Each structure stands twice: as structure tokens, then as C-alpha cells.
Amino acid sequence: RSSELNMTSNKEIITSSDFRRMIAGAYSEFLLEYENLNQLNAASLSDSGEIGTNLLRTMGAAAAALVDAKEEGIGPLAKRTADSAILGARGNSGVVLSQIFRGLSKGLSGKYDARSSDIGKAFQYGILYAHRSISDSKERPIITVAKGVAKGAYYAVRANLPISEILEAALIAGEKELQRTKVQYGFVDAGGQGMMVLLTGCMEGLW
């Protein structure tokens, strides 16, 4: 395993290098999947036919910002990622993604390294900001799936699991919600599937 994750007093530590790999992994996963996302229906947002492309471009802006970043702490890197994603956001789906990074940045603010629990809690902020970015009162599938992801991560954090298992638990919970929205709408929603791509990429980046 190439990750620099290490254990101190039975608490897993996620370094800035780990964070960089998570972001790079997410971008790589969107490169692989954006065309498939474009083919899916979009009940989440009004980016019909372009959700994959918009998510890829937004994720690309976030990833590019870290290539030559001088910041060493995970907090400053998370802020740089969020700022770049917000400036580079494309479409409604990109705005939602950028707000997830904004929430992560808030949760990791001031930290040099982070524990698995810090990442899990920071993601809760991400869901809150993403939900606020959608103006209407109707809960979109992308938010339904994101809430499922957050719930899965919450219980994994409470169980003091390592970050890889937190992400895996989040994926399982998110997939369950994605399938539930599939039953509701009659198709797999592109925005909800995009959440799965994001998490899969982050997990792949750690290995």
C-alpha cells in the first residue's frame, strides 16, 4: 500500500500527501466515468447530458490546484482545493461538488494532519453546504445519495474504523440510496452516481 497513513496511539492519521492522492484519485475516476455519467438521466439537476463533463471539469480544477501547491498542511490544501473547485465549477452539478469541497475545507480548517474521524465529520459539513447550494425545497437524488453516504460514514467513524473502511462503508450506504432513487425514478440518476464516482476515486487514491 502506497499511502502514508500511519497509526499513532491507535488513531489513524491522514497526511496532506494522502489528501493529495485522494483528490488525484477522484479526478482519475471521473476521467474514466464522465462519459458514462453523461449517458444517464439527470433528475438531480438541470445538467442533462452534461453532468459527467461538468463534474470532470470541476474536479479537474480542484486537482490542478494541488499539483504545484506549496502548502503542507491538510487544512490549507483542503482550502485550496475548495477555492479552485468553486472558481472552476461547471453547471449545477459542479456547483454541488464544489460546495462539498467547501464543507470539507471548513471541517479541516487549521489542521496539519487529520484523523479518520476528522475526515468523516468534515464530510458532514460538505453535505450541508451541498444541500444549501440547491435553491428549491425538493430534495434531489444527488442529495439523497449524499446523505446516505454521510450516514454510512458517520457510523464507521463512531466505530473508529480506518479511513479506507469509512469510505467503503460510505460507498455501501450511498449505493443503497442510489438504488432506492432508481426505484423511485425508474432510472439511475447521474448526479447520485457521480457521488459514487467521487468516493470510489478517493478510496482508490489511497491505495
# chains A, B, ... in the order shown; residues from 1 in each chain; ligands from 1
>>> select_by_dssp(residues="chain A", states="strand (DSSP E or B)", output="MDAnalysis selection string")
chainID A and resid 6:8 11:14 41 114:115 189
>>> write_last_selection(atoms="N, CA, C and O atoms", output="PDB file, in the first residue's frame")
ATOM      1  N   ASN A   6      -0.679   6.393   8.821  1.00  0.00           N
ATOM      2  CA  ASN A   6       0.038   5.754   9.908  1.00  0.00           C
ATOM      3  C   ASN A   6      -0.811   5.790  11.151  1.00  0.00           C
ATOM      4  O   ASN A   6      -1.767   6.550  11.260  1.00  0.00           O
ATOM      5  N   MET A   7      -0.464   4.948  12.105  1.00  0.00           N
ATOM      6  CA  MET A   7      -1.242   4.827  13.324  1.00  0.00           C
ATOM      7  C   MET A   7      -0.446   5.385  14.497  1.00  0.00           C
ATOM      8  O   MET A   7       0.709   5.032  14.704  1.00  0.00           O
ATOM      9  N   THR A   8      -1.048   6.315  15.230  1.00  0.00           N
ATOM     10  CA  THR A   8      -0.434   6.882  16.416  1.00  0.00           C
ATOM     11  C   THR A   8      -1.433   6.776  17.553  1.00  0.00           C
ATOM     12  O   THR A   8      -2.518   7.330  17.467  1.00  0.00           O
ATOM     13  N   LYS A  11      -4.842   5.815  16.633  1.00  0.00           N
ATOM     14  CA  LYS A  11      -5.632   6.773  15.874  1.00  0.00           C
ATOM     15  C   LYS A  11      -4.974   6.958  14.509  1.00  0.00           C
ATOM     16  O   LYS A  11      -3.820   7.359  14.419  1.00  0.00           O
ATOM     17  N   GLU A  12      -5.705   6.644  13.469  1.00  0.00           N
ATOM     18  CA  GLU A  12      -5.143   6.768  12.129  1.00  0.00           C
ATOM     19  C   GLU A  12      -4.971   8.238  11.752  1.00  0.00           C
ATOM     20  O   GLU A  12      -5.850   9.057  11.989  1.00  0.00           O
ATOM     21  N   ILE A  13      -3.825   8.542  11.155  1.00  0.00           N
ATOM     22  CA  ILE A  13      -3.516   9.904  10.758  1.00  0.00           C
ATOM     23  C   ILE A  13      -3.498   9.991   9.239  1.00  0.00           C
ATOM     24  O   ILE A  13      -2.853   9.191   8.569  1.00  0.00           O
ATOM     25  N   ILE A  14      -4.240  10.960   8.704  1.00  0.00           N
ATOM     26  CA  ILE A  14      -4.263  11.202   7.265  1.00  0.00           C
ATOM     27  C   ILE A  14      -3.437  12.450   7.007  1.00  0.00           C
ATOM     28  O   ILE A  14      -3.705  13.518   7.566  1.00  0.00           O
ATOM     29  N   ASN A  41     -29.723   9.542 -17.040  1.00  0.00           N
ATOM     30  CA  ASN A  41     -30.724  10.583 -16.835  1.00  0.00           C
ATOM     31  C   ASN A  41     -30.328  11.457 -15.650  1.00  0.00           C
ATOM     32  O   ASN A  41     -29.640  11.009 -14.731  1.00  0.00           O
ATOM     33  N   ALA A 114      -4.842  15.032   9.848  1.00  0.00           N
ATOM     34  CA  ALA A 114      -6.212  14.803  10.306  1.00  0.00           C
ATOM     35  C   ALA A 114      -6.389  13.338  10.679  1.00  0.00           C
ATOM     36  O   ALA A 114      -5.705  12.456  10.156  1.00  0.00           O
ATOM     37  N   ARG A 115      -7.304  13.093  11.608  1.00  0.00           N
ATOM     38  CA  ARG A 115      -7.680  11.730  11.934  1.00  0.00           C
ATOM     39  C   ARG A 115      -8.816  11.298  11.023  1.00  0.00           C
ATOM     40  O   ARG A 115      -9.494  12.128  10.411  1.00  0.00           O
ATOM     41  N   ASP A 189     -29.828   7.818 -11.398  1.00  0.00           N
ATOM     42  CA  ASP A 189     -29.627   9.251 -11.540  1.00  0.00           C
ATOM     43  C   ASP A 189     -28.142   9.585 -11.702  1.00  0.00           C
ATOM     44  O   ASP A 189     -27.291   9.083 -10.959  1.00  0.00           O
TER      45      ASP A 189
END
>>> closest_atom_pairs(of="segment 87-192 of chain A", to="segment 19-32 of chain A", cutoff="12 Å", atoms="only C-alpha atoms", output="JSON lines")
{"residue": "A:Leu97", "atom": "CA", "partner": "A:Ala26", "partner_atom": "CA", "distance": 11.6}
{"residue": "A:Phe101", "atom": "CA", "partner": "A:Ile23", "partner_atom": "CA", "distance": 10.3}
{"residue": "A:Leu104", "atom": "CA", "partner": "A:Phe19", "partner_atom": "CA", "distance": 11.3}
{"residue": "A:Ser105", "atom": "CA", "partner": "A:Phe19", "partner_atom": "CA", "distance": 11.6}
{"residue": "A:Leu108", "atom": "CA", "partner": "A:Phe19", "partner_atom": "CA", "distance": 11.1}
{"residue": "A:Tyr112", "atom": "CA", "partner": "A:Phe19", "partner_atom": "CA", "distance": 11.2}
{"residue": "A:Asp113", "atom": "CA", "partner": "A:Phe19", "partner_atom": "CA", "distance": 9.5}
{"residue": "A:Ala114", "atom": "CA", "partner": "A:Phe19", "partner_atom": "CA", "distance": 9.6}
{"residue": "A:Arg115", "atom": "CA", "partner": "A:Phe19", "partner_atom": "CA", "distance": 11.7}
{"residue": "A:Ser116", "atom": "CA", "partner": "A:Phe19", "partner_atom": "CA", "distance": 11.5}
{"residue": "A:Ile119", "atom": "CA", "partner": "A:Phe19", "partner_atom": "CA", "distance": 9.9}
{"residue": "A:Ile163", "atom": "CA", "partner": "A:Met22", "partner_atom": "CA", "distance": 11.0}
{"residue": "A:Ser164", "atom": "CA", "partner": "A:Met22", "partner_atom": "CA", "distance": 10.8}
{"residue": "A:Leu167", "atom": "CA", "partner": "A:Met22", "partner_atom": "CA", "distance": 11.0}
>>> write_last_selection(atoms="all heavy atoms", output="CSV table (one decimal), in the first residue's frame")
chain,number,residue,atom,x,y,z
A,97,LEU,N,-20.7,19.8,-6.3
A,97,LEU,CA,-19.4,19.2,-5.9
A,97,LEU,C,-18.5,20.2,-5.3
A,97,LEU,O,-17.8,19.9,-4.3
A,97,LEU,CB,-18.7,18.7,-7.2
A,97,LEU,CG,-17.3,18.1,-7.1
A,97,LEU,CD1,-17.4,16.8,-6.1
A,97,LEU,CD2,-16.8,17.6,-8.4
A,101,PHE,N,-16.6,20.3,-1.3
A,101,PHE,CA,-15.2,20.6,-1.0
A,101,PHE,C,-15.1,21.8,-0.1
A,101,PHE,O,-14.3,21.8,0.8
A,101,PHE,CB,-14.4,20.8,-2.3
A,101,PHE,CG,-14.1,19.6,-3.0
A,101,PHE,CD1,-14.4,19.5,-4.4
A,101,PHE,CD2,-13.4,18.5,-2.4
A,101,PHE,CE1,-14.1,18.3,-5.1
A,101,PHE,CE2,-13.1,17.4,-3.1
A,101,PHE,CZ,-13.4,17.3,-4.4
A,104,LEU,N,-15.8,20.3,3.3
A,104,LEU,CA,-14.6,19.6,3.8
A,104,LEU,C,-13.5,20.6,4.3
A,104,LEU,O,-12.9,20.3,5.3
A,104,LEU,CB,-14.0,18.8,2.6
A,104,LEU,CG,-14.7,17.4,2.3
A,104,LEU,CD1,-14.2,16.9,1.0
A,104,LEU,CD2,-14.4,16.4,3.5
A,105,SER,N,-13.3,21.6,3.5
A,105,SER,CA,-12.4,22.7,3.9
A,105,SER,C,-12.7,23.3,5.3
A,105,SER,O,-11.8,23.4,6.1
A,105,SER,CB,-12.3,23.8,2.9
A,105,SER,OG,-11.5,24.8,3.3
A,108,LEU,N,-11.8,20.8,8.0
A,108,LEU,CA,-10.4,20.5,8.2
A,108,LEU,C,-9.6,21.8,8.4
A,108,LEU,O,-8.3,21.7,8.5
A,108,LEU,CB,-9.8,19.8,6.9
A,108,LEU,CG,-10.4,18.4,6.6
A,108,LEU,CD1,-9.9,17.9,5.3
A,108,LEU,CD2,-10.1,17.5,7.7
A,112,TYR,N,-3.0,20.4,10.5
A,112,TYR,CA,-1.8,20.0,9.7
A,112,TYR,C,-2.0,18.5,9.2
A,112,TYR,O,-1.9,18.3,8.0
A,112,TYR,CB,-0.6,20.0,10.5
A,112,TYR,CG,0.7,19.8,9.7
A,112,TYR,CD1,1.3,20.8,9.0
A,112,TYR,CD2,1.3,18.5,9.7
A,112,TYR,CE1,2.4,20.5,8.2
A,112,TYR,CE2,2.4,18.2,9.0
A,112,TYR,CZ,3.0,19.2,8.2
A,112,TYR,OH,4.1,19.0,7.5
A,113,ASP,N,-2.3,17.6,10.1
A,113,ASP,CA,-2.8,16.3,9.7
A,113,ASP,C,-4.2,16.1,10.2
A,113,ASP,O,-4.7,16.9,11.0
A,113,ASP,CB,-1.9,15.2,10.3
A,113,ASP,CG,-0.5,15.2,9.8
A,113,ASP,OD1,-0.3,15.5,8.6
A,113,ASP,OD2,0.5,14.9,10.5
A,114,ALA,N,-4.8,15.0,9.8
A,114,ALA,CA,-6.2,14.8,10.3
A,114,ALA,C,-6.4,13.3,10.7
A,114,ALA,O,-5.7,12.5,10.2
A,114,ALA,CB,-7.2,15.2,9.2
A,115,ARG,N,-7.3,13.1,11.6
A,115,ARG,CA,-7.7,11.7,11.9
A,115,ARG,C,-8.8,11.3,11.0
A,115,ARG,O,-9.5,12.1,10.4
A,115,ARG,CB,-8.1,11.6,13.4
A,115,ARG,CG,-7.0,11.9,14.4
A,115,ARG,CD,-7.5,11.9,15.8
A,115,ARG,NE,-6.4,12.2,16.8
A,115,ARG,CZ,-6.6,12.2,18.1
A,115,ARG,NH1,-7.8,12.1,18.6
A,115,ARG,NH2,-5.6,12.5,18.9
A,116,SER,N,-9.0,10.0,11.0
A,116,SER,CA,-10.1,9.5,10.2
A,116,SER,C,-11.5,10.1,10.6
A,116,SER,O,-12.3,10.5,9.7
A,116,SER,CB,-10.3,8.0,10.3
A,116,SER,OG,-9.1,7.3,9.8
A,119,ILE,N,-12.0,13.5,9.0
A,119,ILE,CA,-12.4,13.5,7.6
A,119,ILE,C,-13.9,13.2,7.6
A,119,ILE,O,-14.6,13.8,6.8
A,119,ILE,CB,-11.6,12.4,6.8
A,119,ILE,CG1,-10.1,12.7,6.8
A,119,ILE,CG2,-12.2,12.2,5.4
A,119,ILE,CD1,-9.7,13.9,6.0
A,163,ILE,N,-9.7,5.0,7.6
A,163,ILE,CA,-10.3,5.8,6.5
A,163,ILE,C,-10.8,5.0,5.4
A,163,ILE,O,-11.8,5.2,4.8
A,163,ILE,CB,-9.4,7.0,6.1
A,163,ILE,CG1,-10.1,7.9,5.1
A,163,ILE,CG2,-8.1,6.4,5.5
A,163,ILE,CD1,-11.2,8.6,5.7
A,164,SER,N,-10.0,4.0,5.0
A,164,SER,CA,-10.4,3.1,3.9
A,164,SER,C,-11.7,2.4,4.1
A,164,SER,O,-12.6,2.3,3.3
A,164,SER,CB,-9.3,2.1,3.6
A,164,SER,OG,-9.1,1.3,4.7
A,167,LEU,N,-14.6,5.0,4.0
A,167,LEU,CA,-15.0,5.3,2.6
A,167,LEU,C,-15.8,4.1,2.1
A,167,LEU,O,-16.8,4.3,1.3
A,167,LEU,CB,-13.8,5.5,1.8
A,167,LEU,CG,-13.1,6.8,2.0
A,167,LEU,CD1,-11.7,6.9,1.2
A,167,LEU,CD2,-13.9,8.0,1.6
>>> closest_residue(among="A:Lys147, A:Arg158, A:Arg140, A:Lys176", to="Ala42 of chain A", atoms="only C-alpha atoms")
A:Arg140
>>> residues_around(residues="Gly88 of chain A", least_positions_apart="2", cutoff="7 Å", atoms="only C-alpha atoms", output="PDB file with N, CA, C and O atoms, in the first residue's frame")
ATOM      1  N   THR A  58     -14.968  20.381 -13.081  1.00  0.00           N
ATOM      2  CA  THR A  58     -14.880  20.940 -11.729  1.00  0.00           C
ATOM      3  C   THR A  58     -13.825  20.195 -10.918  1.00  0.00           C
ATOM      4  O   THR A  58     -13.009  20.819 -10.221  1.00  0.00           O
ATOM      5  N   ALA A  61     -10.349  21.183 -12.014  1.00  0.00           N
ATOM      6  CA  ALA A  61      -9.894  22.455 -11.456  1.00  0.00           C
ATOM      7  C   ALA A  61      -9.365  22.258 -10.048  1.00  0.00           C
ATOM      8  O   ALA A  61      -8.331  22.830  -9.662  1.00  0.00           O
ATOM      9  N   SER A  84     -10.474  26.460  -5.580  1.00  0.00           N
ATOM     10  CA  SER A  84     -10.290  26.181  -7.003  1.00  0.00           C
ATOM     11  C   SER A  84     -11.517  25.505  -7.598  1.00  0.00           C
ATOM     12  O   SER A  84     -11.903  25.786  -8.742  1.00  0.00           O
ATOM     13  N   ALA A  85     -12.141  24.606  -6.829  1.00  0.00           N
ATOM     14  CA  ALA A  85     -13.358  23.946  -7.306  1.00  0.00           C
ATOM     15  C   ALA A  85     -14.492  24.957  -7.471  1.00  0.00           C
ATOM     16  O   ALA A  85     -15.253  24.893  -8.444  1.00  0.00           O
ATOM     17  N   ILE A  86     -14.611  25.888  -6.534  1.00  0.00           N
ATOM     18  CA  ILE A  86     -15.659  26.912  -6.610  1.00  0.00           C
ATOM     19  C   ILE A  86     -15.442  27.799  -7.834  1.00  0.00           C
ATOM     20  O   ILE A  86     -16.378  28.087  -8.592  1.00  0.00           O
ATOM     21  N   ARG A  90     -18.530  23.949 -12.977  1.00  0.00           N
ATOM     22  CA  ARG A  90     -19.279  23.973 -14.229  1.00  0.00           C
ATOM     23  C   ARG A  90     -20.649  23.337 -14.002  1.00  0.00           C
ATOM     24  O   ARG A  90     -20.745  22.225 -13.503  1.00  0.00           O
TER      25      ARG A  90
END
>>> closest_residue(among="A:Ala89, A:Ala190, A:Ala173, A:Ile166", to="Met203 of chain A", atoms="only C-alpha atoms")
A:Ile166
>>> residues_around(residues="Arg132 of chain A", least_positions_apart="5", cutoff="9 Å", atoms="only C-alpha atoms", output="number ranges by chain")
A: 96, 99, 127
